[in-house]
Structure formats: C-alpha cells, structure tokens
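Here is the file structure-v2.pdb (PDB, C-alpha atoms).
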MODEL        1
ATOM      1  CA  MET Z   1      48.594   0.911 -23.450
ATOM      2  CA  LYS Z   2      46.552   1.571 -26.579
ATOM      3  CA  THR Z   3      43.116   0.216 -27.437
ATOM      4  CA  ALA Z   4      42.030   0.484 -31.067
ATOM      5  CA  LEU Z   5      38.447   1.458 -31.771
ATOM      6  CA  HIS Z   6      37.077   1.368 -35.312
ATOM      7  CA  VAL Z   7      33.704   2.911 -36.078
ATOM      8  CA  ASN Z   8      31.788   1.794 -39.155
ATOM      9  CA  GLY Z   9      28.769   3.488 -40.614
ATOM     10  CA  PRO Z  10      27.838   6.536 -42.666
ATOM     11  CA  ASP Z  11      30.206   9.500 -42.652
ATOM     12  CA  ARG Z  12      28.092  12.030 -40.785
ATOM     13  CA  PRO Z  13      28.649  14.459 -37.907
ATOM     14  CA  PRO Z  14      28.418  12.905 -34.431
ATOM     15  CA  PRO Z  15      26.234  14.395 -31.666
ATOM     16  CA  LEU Z  16      29.311  15.875 -29.935
ATOM     17  CA  ARG Z  17      31.421  17.581 -32.571
ATOM     18  CA  VAL Z  18      33.676  20.493 -33.401
ATOM     19  CA  GLU Z  19      32.435  22.997 -35.980
ATOM     20  CA  ALA Z  20      34.701  25.610 -37.519
ATOM     21  CA  ALA Z  21      34.227  28.998 -39.133
ATOM     22  CA  GLU Z  22      36.543  31.428 -40.867
ATOM     23  CA  GLY Z  23      38.711  33.525 -38.587
ATOM     24  CA  ARG Z  24      40.035  30.632 -36.463
ATOM     25  CA  ARG Z  25      36.635  30.290 -34.776
ATOM     26  CA  LEU Z  26      35.453  27.005 -33.259
ATOM     27  CA  VAL Z  27      32.347  25.839 -31.481
ATOM     28  CA  LEU Z  28      31.884  22.509 -29.737
ATOM     29  CA  ARG Z  29      28.284  21.324 -29.989
ATOM     30  CA  GLN Z  30      26.454  18.518 -28.241
ATOM     31  CA  GLY Z  31      23.126  17.559 -29.714
ATOM     32  CA  GLY Z  32      23.084  20.863 -31.567
ATOM     33  CA  ALA Z  33      23.585  22.981 -28.431
ATOM     34  CA  PRO Z  34      26.905  24.854 -28.049
ATOM     35  CA  VAL Z  35      28.991  23.780 -25.059
ATOM     36  CA  LEU Z  36      32.249  25.601 -25.832
ATOM     37  CA  PHE Z  37      33.265  28.540 -28.012
ATOM     38  CA  ALA Z  38      36.875  29.218 -28.958
ATOM     39  CA  VAL Z  39      38.966  31.615 -31.030
ATOM     40  CA  GLN Z  40      42.561  30.820 -31.843
ATOM     41  CA  ARG Z  41      44.953  33.733 -31.464
ATOM     42  CA  ALA Z  42      46.305  35.133 -34.709
ATOM     43  CA  SER Z  43      49.809  34.813 -33.242
ATOM     44  CA  HIS Z  44      49.244  31.066 -32.730
ATOM     45  CA  ARG Z  45      50.204  31.463 -29.088
ATOM     46  CA  GLY Z  46      46.973  30.176 -27.601
ATOM     47  CA  VAL Z  47      43.194  30.134 -27.743
ATOM     48  CA  HIS Z  48      40.458  32.149 -26.043
ATOM     49  CA  TYR Z  49      37.494  30.094 -24.878
ATOM     50  CA  ALA Z  50      34.097  30.378 -23.224
ATOM     51  CA  ARG Z  51      32.059  27.398 -22.101
ATOM     52  CA  THR Z  52      28.341  27.182 -21.453
ATOM     53  CA  ASP Z  53      28.570  24.529 -18.688
ATOM     54  CA  THR Z  54      25.893  22.436 -20.409
ATOM     55  CA  CYS Z  55      28.031  19.510 -21.599
ATOM     56  CA  THR Z  56      27.036  16.065 -20.305
ATOM     57  CA  SER Z  57      29.209  12.968 -20.263
ATOM     58  CA  PRO Z  58      28.549  10.386 -22.987
ATOM     59  CA  VAL Z  59      29.704   7.681 -20.558
ATOM     60  CA  PRO Z  60      27.265   6.693 -17.767
ATOM     61  CA  PRO Z  61      28.629   7.142 -14.220
ATOM     62  CA  PRO Z  62      30.425   3.933 -13.217
ATOM     63  CA  ARG Z  63      28.839   2.025 -10.361
ATOM     64  CA  ALA Z  64      30.950   1.355  -7.284
ATOM     65  CA  THR Z  65      30.200  -2.360  -7.609
ATOM     66  CA  THR Z  66      31.555  -2.316 -11.174
ATOM     67  CA  ALA Z  67      34.677  -0.452 -10.068
ATOM     68  CA  ARG Z  68      35.399  -2.985  -7.333
ATOM     69  CA  ALA Z  69      34.661  -5.952  -9.604
ATOM     70  CA  LEU Z  70      37.037  -4.735 -12.309
ATOM     71  CA  ARG Z  71      39.782  -4.127  -9.767
ATOM     72  CA  GLU Z  72      39.352  -7.576  -8.224
ATOM     73  CA  ALA Z  73      39.450  -9.175 -11.683
ATOM     74  CA  SER Z  74      42.701  -7.404 -12.636
ATOM     75  CA  PRO Z  75      45.963  -8.995 -11.438
ATOM     76  CA  THR Z  76      48.031  -6.092 -12.804
ATOM     77  CA  GLN Z  77      47.537  -2.398 -13.496
ATOM     78  CA  GLU Z  78      47.726  -3.102 -17.226
ATOM     79  CA  ASP Z  79      44.915  -5.654 -16.905
ATOM     80  CA  TRP Z  80      42.883  -3.045 -15.043
ATOM     81  CA  TYR Z  81      43.406  -0.462 -17.788
ATOM     82  CA  GLU Z  82      42.476  -2.999 -20.459
ATOM     83  CA  ARG Z  83      39.195  -3.876 -18.737
ATOM     84  CA  TRP Z  84      38.273  -0.240 -18.282
ATOM     85  CA  ALA Z  85      39.261   0.559 -21.863
ATOM     86  CA  HIS Z  86      36.835  -2.106 -23.091
ATOM     87  CA  HIS Z  87      34.125  -0.718 -20.787
ATOM     88  CA  VAL Z  88      34.654   2.870 -21.998
ATOM     89  CA  ALA Z  89      34.859   1.859 -25.672
ATOM     90  CA  GLN Z  90      31.558   0.020 -25.459
ATOM     91  CA  ALA Z  91      29.898   2.970 -23.725
ATOM     92  CA  LEU Z  92      31.165   5.404 -26.373
ATOM     93  CA  ARG Z  93      29.946   3.181 -29.197
ATOM     94  CA  ILE Z  94      26.349   3.282 -27.985
ATOM     95  CA  ALA Z  95      26.376   6.840 -26.636
ATOM     96  CA  VAL Z  96      23.693   9.143 -28.032
ATOM     97  CA  ASN Z  97      25.673  12.278 -27.166
ATOM     98  CA  GLY Z  98      29.284  11.249 -27.849
ATOM     99  CA  PRO Z  99      32.043  12.297 -30.288
ATOM    100  CA  LEU Z 100      32.608   9.102 -32.293
ATOM    101  CA  HIS Z 101      32.211   9.295 -36.060
ATOM    102  CA  ALA Z 102      33.195   6.858 -38.794
ATOM    103  CA  GLY Z 103      36.885   6.019 -38.812
ATOM    104  CA  SER Z 104      39.686   4.747 -36.608
ATOM    105  CA  TRP Z 105      40.010   5.890 -33.005
ATOM    106  CA  GLN Z 106      42.216   5.009 -30.068
ATOM    107  CA  LEU Z 107      42.101   5.037 -26.276
ATOM    108  CA  THR Z 108      45.534   5.432 -24.700
ATOM    109  CA  SER Z 109      46.219   5.110 -20.990
ATOM    110  CA  GLY Z 110      47.979   7.897 -19.153
ATOM    111  CA  MET Z 111      48.789  11.472 -20.034
ATOM    112  CA  PRO Z 112      50.591  12.173 -23.332
ATOM    113  CA  PRO Z 113      54.373  12.671 -23.233
ATOM    114  CA  TRP Z 114      54.134  16.409 -23.934
ATOM    115  CA  SER Z 115      52.004  17.081 -20.852
ATOM    116  CA  VAL Z 116      53.456  18.794 -17.782
ATOM    117  CA  ASP Z 117      52.703  17.032 -14.498
ATOM    118  CA  ALA Z 118      52.935  20.275 -12.501
ATOM    119  CA  HIS Z 119      49.945  21.685 -14.419
ATOM    120  CA  TRP Z 120      47.676  19.446 -12.321
ATOM    121  CA  ASP Z 121      48.612  21.515  -9.250
ATOM    122  CA  SER Z 122      46.433  24.446 -10.360
ATOM    123  CA  PHE Z 123      43.617  22.407 -11.917
ATOM    124  CA  LEU Z 124      41.214  22.827  -8.972
ATOM    125  CA  SER Z 125      42.130  26.382  -8.085
ATOM    126  CA  TYR Z 126      42.086  27.924 -11.568
ATOM    127  CA  ASP Z 127      39.075  27.041 -13.717
ATOM    128  CA  PRO Z 128      37.412  30.133 -15.203
ATOM    129  CA  PRO Z 129      34.407  29.473 -17.476
ATOM    130  CA  ARG Z 130      35.821  32.117 -19.804
ATOM    131  CA  GLY Z 131      39.532  32.311 -20.233
ATOM    132  CA  HIS Z 132      42.625  31.686 -22.282
ATOM    133  CA  LEU Z 133      44.845  28.669 -22.875
ATOM    134  CA  THR Z 134      48.430  29.568 -23.638
ATOM    135  CA  TRP Z 135      50.298  27.190 -25.914
ATOM    136  CA  PHE Z 136      53.844  28.481 -25.669
ATOM    137  CA  GLY Z 137      53.968  30.990 -22.817
ATOM    138  CA  TYR Z 138      55.294  34.260 -24.251
ATOM    139  CA  GLY Z 139      54.609  36.187 -21.071
ATOM    140  CA  ASP Z 140      51.070  34.884 -20.483
ATOM    141  CA  PRO Z 141      50.084  34.185 -16.867
ATOM    142  CA  VAL Z 142      51.535  30.899 -15.598
ATOM    143  CA  GLU Z 143      48.121  29.472 -14.695
ATOM    144  CA  GLU Z 144      46.987  29.748 -18.332
ATOM    145  CA  ALA Z 145      49.452  27.009 -19.325
ATOM    146  CA  ARG Z 146      47.156  24.008 -18.949
ATOM    147  CA  ASP Z 147      46.975  20.576 -20.519
ATOM    148  CA  VAL Z 148      43.380  19.738 -19.588
ATOM    149  CA  LEU Z 149      40.264  21.911 -19.941
ATOM    150  CA  PRO Z 150      37.063  20.950 -18.069
ATOM    151  CA  LEU Z 151      33.843  21.166 -20.056
ATOM    152  CA  ARG Z 152      31.813  22.118 -16.994
ATOM    153  CA  THR Z 153      32.410  23.827 -13.666
ATOM    154  CA  LEU Z 154      34.191  21.522 -11.248
ATOM    155  CA  SER Z 155      32.285  20.324  -8.192
ATOM    156  CA  PRO Z 156      33.548  21.373  -4.749
ATOM    157  CA  THR Z 157      35.723  18.747  -3.107
ATOM    158  CA  GLY Z 158      33.219  18.288  -0.288
ATOM    159  CA  THR Z 159      30.176  17.317  -2.370
ATOM    160  CA  ALA Z 160      28.674  13.878  -1.809
ATOM    161  CA  ARG Z 161      29.756  12.397  -5.154
ATOM    162  CA  VAL Z 162      33.316  13.688  -4.854
ATOM    163  CA  ARG Z 163      33.531  12.332  -1.285
ATOM    164  CA  ALA Z 164      32.349   8.941  -2.557
ATOM    165  CA  TYR Z 165      35.001   8.977  -5.272
ATOM    166  CA  ARG Z 166      37.629   9.950  -2.719
ATOM    167  CA  ARG Z 167      36.720   6.838  -0.743
ATOM    168  CA  GLN Z 168      37.012   4.765  -3.913
ATOM    169  CA  LEU Z 169      40.448   6.195  -4.556
ATOM    170  CA  ARG Z 170      41.594   5.271  -1.054
ATOM    171  CA  GLU Z 171      40.291   1.746  -1.735
ATOM    172  CA  GLY Z 172      42.249   1.649  -4.979
ATOM    173  CA  VAL Z 173      39.187   1.189  -7.208
ATOM    174  CA  LEU Z 174      38.521   4.686  -8.621
ATOM    175  CA  PRO Z 175      37.834   4.375 -12.390
ATOM    176  CA  PRO Z 176      39.910   6.360 -14.889
ATOM    177  CA  ALA Z 177      38.620   9.618 -16.327
ATOM    178  CA  VAL Z 178      38.328  10.042 -20.089
ATOM    179  CA  LEU Z 179      39.979  12.987 -21.850
ATOM    180  CA  TRP Z 180      39.476  13.921 -25.496
ATOM    181  CA  TRP Z 181      42.214  15.413 -27.656
ATOM    182  CA  ILE Z 182      40.913  18.369 -29.692
ATOM    183  CA  SER Z 183      43.674  19.542 -31.997
ATOM    184  CA  GLY Z 184      41.971  22.862 -32.766
ATOM    185  CA  LEU Z 185      42.326  23.753 -29.096
ATOM    186  CA  ASN Z 186      45.743  22.079 -28.879
ATOM    187  CA  THR Z 187      44.657  20.624 -25.563
ATOM    188  CA  LEU Z 188      42.684  17.862 -23.890
ATOM    189  CA  VAL Z 189      39.125  18.354 -22.672
ATOM    190  CA  VAL Z 190      37.413  16.318 -19.973
ATOM    191  CA  LEU Z 191      34.929  14.057 -21.721
ATOM    192  CA  ASP Z 192      34.009  11.979 -18.667
ATOM    193  CA  GLY Z 193      35.117  12.023 -15.048
ATOM    194  CA  HIS Z 194      35.200  15.639 -13.854
ATOM    195  CA  ASP Z 195      34.367  14.561 -10.304
ATOM    196  CA  ARG Z 196      36.825  11.650 -10.352
ATOM    197  CA  ILE Z 197      39.629  14.008 -11.368
ATOM    198  CA  THR Z 198      38.597  16.367  -8.568
ATOM    199  CA  ALA Z 199      38.590  13.480  -6.084
ATOM    200  CA  ALA Z 200      42.060  12.287  -7.061
ATOM    201  CA  LEU Z 201      43.563  15.767  -6.866
ATOM    202  CA  ALA Z 202      41.814  16.452  -3.555
ATOM    203  CA  GLU Z 203      43.493  13.323  -2.203
ATOM    204  CA  GLY Z 204      46.889  14.633  -3.256
ATOM    205  CA  THR Z 205      47.481  12.276  -6.176
ATOM    206  CA  ARG Z 206      47.177  12.315  -9.959
ATOM    207  CA  PRO Z 207      44.110  10.914 -11.702
ATOM    208  CA  ASP Z 208      44.226   7.822 -13.865
ATOM    209  CA  VAL Z 209      43.091   8.798 -17.349
ATOM    210  CA  PHE Z 210      42.408   7.580 -20.844
ATOM    211  CA  VAL Z 211      42.940   9.854 -23.832
ATOM    212  CA  LEU Z 212      40.488   9.477 -26.702
ATOM    213  CA  SER Z 213      41.666  10.604 -30.123
ATOM    214  CA  ARG Z 214      41.476   9.751 -33.780
ATOM    215  CA  ALA Z 215      44.144   7.224 -34.710
ATOM    216  CA  SER Z 216      46.918   8.166 -37.110
ATOM    217  CA  PRO Z 217      46.631   6.669 -40.608
ATOM    218  CA  GLU Z 218      47.971   3.162 -41.108
ATOM    219  CA  GLY Z 219      51.682   3.266 -41.872
ATOM    220  CA  TRP Z 220      52.186   6.786 -40.515
ATOM    221  CA  ALA Z 221      54.208   5.671 -37.469
ATOM    222  CA  GLU Z 222      56.558   3.620 -39.663
ATOM    223  CA  TRP Z 223      56.995   6.560 -42.042
ATOM    224  CA  ALA Z 224      57.688   8.998 -39.187
ATOM    225  CA  ALA Z 225      60.129   6.562 -37.572
ATOM    226  CA  GLY Z 226      62.390   6.461 -40.645
ATOM    227  CA  PRO Z 227      64.311   9.730 -40.087
ATOM    228  CA  ARG Z 228      64.592   9.015 -36.363
ATOM    229  CA  VAL Z 229      66.115   5.602 -36.968
ATOM    230  CA  THR Z 230      68.519   7.032 -39.552
ATOM    231  CA  ALA Z 231      69.666   9.748 -37.137
ATOM    232  CA  TYR Z 232      69.994   7.170 -34.352
ATOM    233  CA  GLU Z 233      72.183   4.919 -36.509
ATOM    234  CA  HIS Z 234      74.452   7.879 -37.358
ATOM    235  CA  ARG Z 235      74.826   8.856 -33.694
ATOM    236  CA  MET Z 236      75.556   5.262 -32.710
ATOM    237  CA  ARG Z 237      78.316   4.988 -35.337
ATOM    238  CA  VAL Z 238      79.938   8.142 -33.985
ATOM    239  CA  LEU Z 239      79.618   6.956 -30.384
ATOM    240  CA  GLY Z 240      80.993   3.547 -31.365
ATOM    241  CA  GLU Z 241      84.077   5.214 -32.774
ATOM    242  CA  GLN Z 242      84.440   7.256 -29.590
ATOM    243  CA  ARG Z 243      84.152   4.119 -27.471
ATOM    244  CA  ALA Z 244      86.785   2.375 -29.582
ATOM    245  CA  ALA Z 245      89.042   5.395 -29.070
ATOM    246  CA  GLY Z 246      88.760   4.954 -25.308
ATOM    247  CA  ASP Z 247      86.079   7.499 -24.368
ATOM    248  CA  PRO Z 248      84.857   6.271 -20.940
ATOM    249  CA  LEU Z 249      81.433   7.914 -21.343
ATOM    250  CA  ALA Z 250      80.645   6.649 -24.833
ATOM    251  CA  ALA Z 251      78.993   3.429 -23.633
ATOM    252  CA  HIS Z 252      76.688   5.390 -21.317
ATOM    253  CA  ARG Z 253      75.747   7.783 -24.128
ATOM    254  CA  MET Z 254      74.946   4.827 -26.389
ATOM    255  CA  SER Z 255      72.610   3.430 -23.738
ATOM    256  CA  VAL Z 256      70.877   6.810 -23.399
ATOM    257  CA  GLU Z 257      70.428   7.064 -27.158
ATOM    258  CA  SER Z 258      68.882   3.585 -27.307
ATOM    259  CA  ARG Z 259      66.390   4.381 -24.551
ATOM    260  CA  ARG Z 260      65.505   7.675 -26.219
ATOM    261  CA  LEU Z 261      64.813   5.968 -29.534
ATOM    262  CA  ALA Z 262      62.664   3.320 -27.853
ATOM    263  CA  THR Z 263      60.601   6.050 -26.179
ATOM    264  CA  ASP Z 264      60.228   8.011 -29.427
ATOM    265  CA  LEU Z 265      59.098   4.949 -31.371
ATOM    266  CA  ARG Z 266      56.585   4.014 -28.676
ATOM    267  CA  ASP Z 267      55.165   7.533 -28.625
ATOM    268  CA  LEU Z 268      54.780   7.496 -32.415
ATOM    269  CA  THR Z 269      52.465   4.484 -32.210
ATOM    270  CA  THR Z 270      49.994   6.490 -30.087
ATOM    271  CA  SER Z 271      50.399   9.865 -31.792
ATOM    272  CA  PRO Z 272      46.906  11.237 -32.494
ATOM    273  CA  GLU Z 273      45.473  12.316 -35.799
ATOM    274  CA  LEU Z 274      44.005  15.818 -36.161
ATOM    275  CA  THR Z 275      40.508  16.213 -34.759
ATOM    276  CA  ARG Z 276      37.924  16.445 -37.478
ATOM    277  CA  ALA Z 277      35.852  19.631 -37.631
ATOM    278  CA  TRP Z 278      32.698  20.238 -39.639
ATOM    279  CA  PRO Z 279      31.939  23.595 -41.289
ATOM    280  CA  LEU Z 280      29.597  25.781 -39.271
ATOM    281  CA  ASP Z 281      26.509  26.642 -41.272
ATOM    282  CA  GLY Z 282      26.403  30.399 -41.696
ATOM    283  CA  GLY Z 283      30.120  30.917 -41.072
ATOM    284  CA  PRO Z 284      31.489  33.716 -38.858
ATOM    285  CA  ARG Z 285      28.162  35.564 -38.684
ATOM    286  CA  ALA Z 286      26.425  32.461 -37.329
ATOM    287  CA  TRP Z 287      29.293  31.895 -34.866
ATOM    288  CA  ARG Z 288      29.005  35.455 -33.539
ATOM    289  CA  HIS Z 289      25.227  35.098 -33.214
ATOM    290  CA  LEU Z 290      25.557  31.838 -31.288
ATOM    291  CA  ALA Z 291      28.247  33.257 -29.032
ATOM    292  CA  SER Z 292      26.229  36.380 -28.204
ATOM    293  CA  SER Z 293      23.241  34.188 -27.324
ATOM    294  CA  HIS Z 294      25.014  31.537 -25.238
ATOM    295  CA  VAL Z 295      27.981  33.428 -23.740
ATOM    296  CA  PRO Z 296      26.762  37.047 -23.724
ATOM    297  CA  ASN Z 297      29.276  39.835 -23.237
ATOM    298  CA  TRP Z 298      32.211  37.536 -24.039
ATOM    299  CA  GLN Z 299      34.642  39.584 -26.108
ATOM    300  CA  PRO Z 300      37.769  37.606 -27.013
ATOM    301  CA  ASP Z 301      40.562  39.477 -28.737
ATOM    302  CA  ASP Z 302      40.811  37.574 -32.030
ATOM    303  CA  ARG Z 303      43.498  39.887 -33.445
ATOM    304  CA  ASP Z 304      46.399  39.226 -31.033
TER
ENDMDL
END

Could you write out this file's structure as structure tokens?
Amino acid sequence: MKTALHVNGPDRPPPLRVEAAEGRRLVLRQGGAPVLFAVQRASHRGVHYARTDTCTSPVPPPRATTARALREASPTQEDWYERWAHHVAQALRIAVNGPLHAGSWQLTSGMPPWSVDAHWDSFLSYDPPRGHLTWFGYGDPVEEARDVLPLRTLSPTGTARVRAYRRQLREGVLPPAVLWWISGLNTLVVLDGHDRITAALAEGTRPDVFVLSRASPEGWAEWAAGPRVTAYEHRMRVLGEQRAAGDPLAAHRMSVESRRLATDLRDLTTSPELTRAWPLDGGPRAWRHLASSHVPNWQPDDRD
C-alpha cells in the first residue's frame, strides 16, 4: 500500500536533513545538531557511521487508546495501514523536527522487496553506536549486513515502555514503526518507533512498518516498465512456441513469468527517489570539526 504525500511551500532545508561534503562524507542533522555521521567507502562496498544518540522522533508517541480505536475501526489489515498512514502523514506535516521538504513523498507499508527478513534476527543483539554497514558483503562480518539502522540506542526489552508495547502487540493493536530511506547510506533508518520494533522482535515476530521516501518523478514507473514489458513479451512468445511444440512445462513457465512481471511492475510504483542532501557549509574541514566534537576519537577508514 502506498500513500502519496505532497509538501508545498518554499524550497528550504527541513529540520531533519542530510548534508554532504566532498569525500563521500555525510552528516544527518536535526535542528542543527548532528545525530549521525557517515563516510561512504571508496570501494562502494558500504558506509562507516557514528551516531550521537540525540535524535528524537518527529512523530509523537501513539496513545494506547488511539491504537485500539484504529484497530477497532479497521475491518481489514489494509484499512488499518491506511488509517495509520493518514495519522503518520499528518504528524509529519506539522512536525517541527522532521525530514519533509517541498516535493512529493510517499509512505509505503511493509519492508522493501530488496530487504532480507533474516537481518531482523540480529537487530537487537548487534547495534553498535559506531560501526559499518556492508552493502554487498565482500568478506565483511555477517552482522554488518543490515537493512535498518537505529538512530538511537535501543531500549532493553524489559523497560516499562517496551513491556507496554509488547502487551499491545499481543492484543493486536501495536502501531507500525516509521523507517526513512536515505539513499546516501543505502539503508533505512528508524525515524519513529524504536521501542515498538524492539517489542515486536522481543515477542518473536516482525514489526509492522512504513517506509518514508521521496516519490519517483511522475512518469518514471511507466518509463522503467517499458524494457521489462518488452522482455516479457519476447519470453512469452518463445514459451508459447514451446507450448505449441508440446513442452509440458511451458505453461507453468508462462505463469511464473506473468507473476514475476506483475511483481516487478508493482515494485516500480513504489520505487523511491534519491534522498536529497544539502551542501555542508565549510565542506570537509567543517565535517571533520563536527565529527571530532560530537563523536570524538571516531576514526573511520575513508580510503578502503
């Protein structure tokens, strides 16, 4: 499910934004204060990061009464997602510390198709405030292959708020968390719902999530679908000839190809646009100064 979100207004940096400097350096700021530093590897195999643990959610904590009311008002899971999407979109619009800037955005339900479900298994046990996200493996430690990066230290599973969320999950009313796609990190970060994610995983299940991202330009999905449809039509002609020749598996292969195309076309409609980054005033020197002040003694290898 996708919910469109268009933001009007002057084209200016939002309170929560990515700033970039030469040398593949990034800093995520909230209200001017750095909350995450990152350096992409020169080999394009991953990104080194260090967080300050000062990020706050732009979405107010959902009340238990609201969670129960939205569940009771939702006959289906899709209805439930739609109601929560509206709730989250409204909260992001009025947030004083959120990431929205002028342009088209989208909230999509569920994890993106490229994500690996098994990566949730190490989410609670491996969460260093300074570490590395591997993009393609290449011999990096297995635990560094992650799809979701918290923006603050996760709460223990026995804290009062997490226990309350665990009860909500058992009742079937736990609200979705909100993740934000940051293309410069090539990963999702937790924008809202750290404790709800912890609660779901502590209960042995996967969290319900929304993914916030910039929407692709109008017409992009149709343009990207063209080559896929052309290739599909070619494969179907070949398989049709094989079926006519008596191949007993051709009909099954045609069905598989049709389902694959349907999935590809659906995924194209929710494909995110690149995250916008603003230039960091002062460039690399300013980035190094900020990093030494907020994450002292962090020494990422920006040459590998």

Selection result for the PyMOL selection byres ((chain Z and resi 144-146) around 7) on this file, as a VMD selection string: chain Z and resid 119 132 to 135 137 140 to 143 147 to 148

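Closest approach to Z:Glu72 from the set Z:Ala95, Z:Val173, Z:Ala221, Z:Ala118 is made by Z:Val173, with distances taken over all atoms listed in the file.
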
Please put the answer as JSON: centre and edge lengths, in Å with one decimal, of a box along x, y and z that encloses all listed atoms of stretch 266-278 of chain Z plus 4 Å on each side.
{"center_x": 44.6, "center_y": 12.1, "center_z": -34.1, "size_x": 31.9, "size_y": 24.2, "size_z": 19.0}

Selected residue of minimal separation from Z:Leu179 among Z:Gly139, Z:Arg214, Z:Leu92, Z:Met111, counting all atoms listed in the file: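 Closest to Z:Leu179 of all the choices is Z:Met111.
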
Selection near Z:Asp121, 10 Å with all atoms listed in the file, sequence-local residues under 2 positions removed, as a PyMOL selection string: chain Z and resi 117-119+123-126+143+201+204-206

Residues returned when the PyMOL selection byres ((chain Z and resi 80-87) around 9) runs on this file, as a list in words: Met1, Lys2, Thr3, Ala67, Leu70, Arg71, Glu72, Ala73, Ser74, Pro75, Thr76, Gln77, Glu78, Asp79, Val88, Ala89, Gln90, Ala91, Leu92, Leu107, Thr108, Ser109, Pro175, Pro176 and Phe210 of chain Z

Would you export the selected residues with C-alpha atoms as a PDB file, in the coordinates of the input, please?
ATOM      1  CA  MET Z   1      48.594   0.911 -23.450  1.00  0.00           C
ATOM      2  CA  LYS Z   2      46.552   1.571 -26.579  1.00  0.00           C
ATOM      3  CA  THR Z   3      43.116   0.216 -27.437  1.00  0.00           C
ATOM      4  CA  ALA Z  67      34.677  -0.452 -10.068  1.00  0.00           C
ATOM      5  CA  LEU Z  70      37.037  -4.735 -12.309  1.00  0.00           C
ATOM      6  CA  ARG Z  71      39.782  -4.127  -9.767  1.00  0.00           C
ATOM      7  CA  GLU Z  72      39.352  -7.576  -8.224  1.00  0.00           C
ATOM      8  CA  ALA Z  73      39.450  -9.175 -11.683  1.00  0.00           C
ATOM      9  CA  SER Z  74      42.701  -7.404 -12.636  1.00  0.00           C
ATOM     10  CA  PRO Z  75      45.963  -8.995 -11.438  1.00  0.00           C
ATOM     11  CA  THR Z  76      48.031  -6.092 -12.804  1.00  0.00           C
ATOM     12  CA  GLN Z  77      47.537  -2.398 -13.496  1.00  0.00           C
ATOM     13  CA  GLU Z  78      47.726  -3.102 -17.226  1.00  0.00           C
ATOM     14  CA  ASP Z  79      44.915  -5.654 -16.905  1.00  0.00           C
ATOM     15  CA  VAL Z  88      34.654   2.870 -21.998  1.00  0.00           C
ATOM     16  CA  ALA Z  89      34.859   1.859 -25.672  1.00  0.00           C
ATOM     17  CA  GLN Z  90      31.558   0.020 -25.459  1.00  0.00           C
ATOM     18  CA  ALA Z  91      29.898   2.970 -23.725  1.00  0.00           C
ATOM     19  CA  LEU Z  92      31.165   5.404 -26.373  1.00  0.00           C
ATOM     20  CA  LEU Z 107      42.101   5.037 -26.276  1.00  0.00           C
ATOM     21  CA  THR Z 108      45.534   5.432 -24.700  1.00  0.00           C
ATOM     22  CA  SER Z 109      46.219   5.110 -20.990  1.00  0.00           C
ATOM     23  CA  PRO Z 175      37.834   4.375 -12.390  1.00  0.00           C
ATOM     24  CA  PRO Z 176      39.910   6.360 -14.889  1.00  0.00           C
ATOM     25  CA  PHE Z 210      42.408   7.580 -20.844  1.00  0.00           C
TER      26      PHE Z 210
END

Point-to-point distance from atom CA of Z:Asp208 to atom CA of Z:Gly172, Å rounded to tenths: 11.0 Å

Residues near Z:Pro112, cut-off 10 Å, only C-alpha atoms, skip fewer than 6 positions along chain, as a PyMOL selection string: chain Z and resi 147+181+188+210-211+267+270-272

Given the PyMOL selection byres ((chain Z and resi 192-198) around 6), the residues it picks as a PyMOL selection string: chain Z and resi 57+162+177-178+190-191+199-202+207

d(atom CA of Z:Leu26, atom CA of Z:Ser216) in Å: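 So the two atoms, atom CA of Z:Leu26 and atom CA of Z:Ser216, lie 22.4 Å apart.
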
Shell of 12 Å around stretch 294-299 of chain Z, only C-alpha atoms, local chain residues under 3 positions omitted, as a PyMOL selection string: chain Z and resi 27+29+33-39+48-54+129-132+287-291+302-303
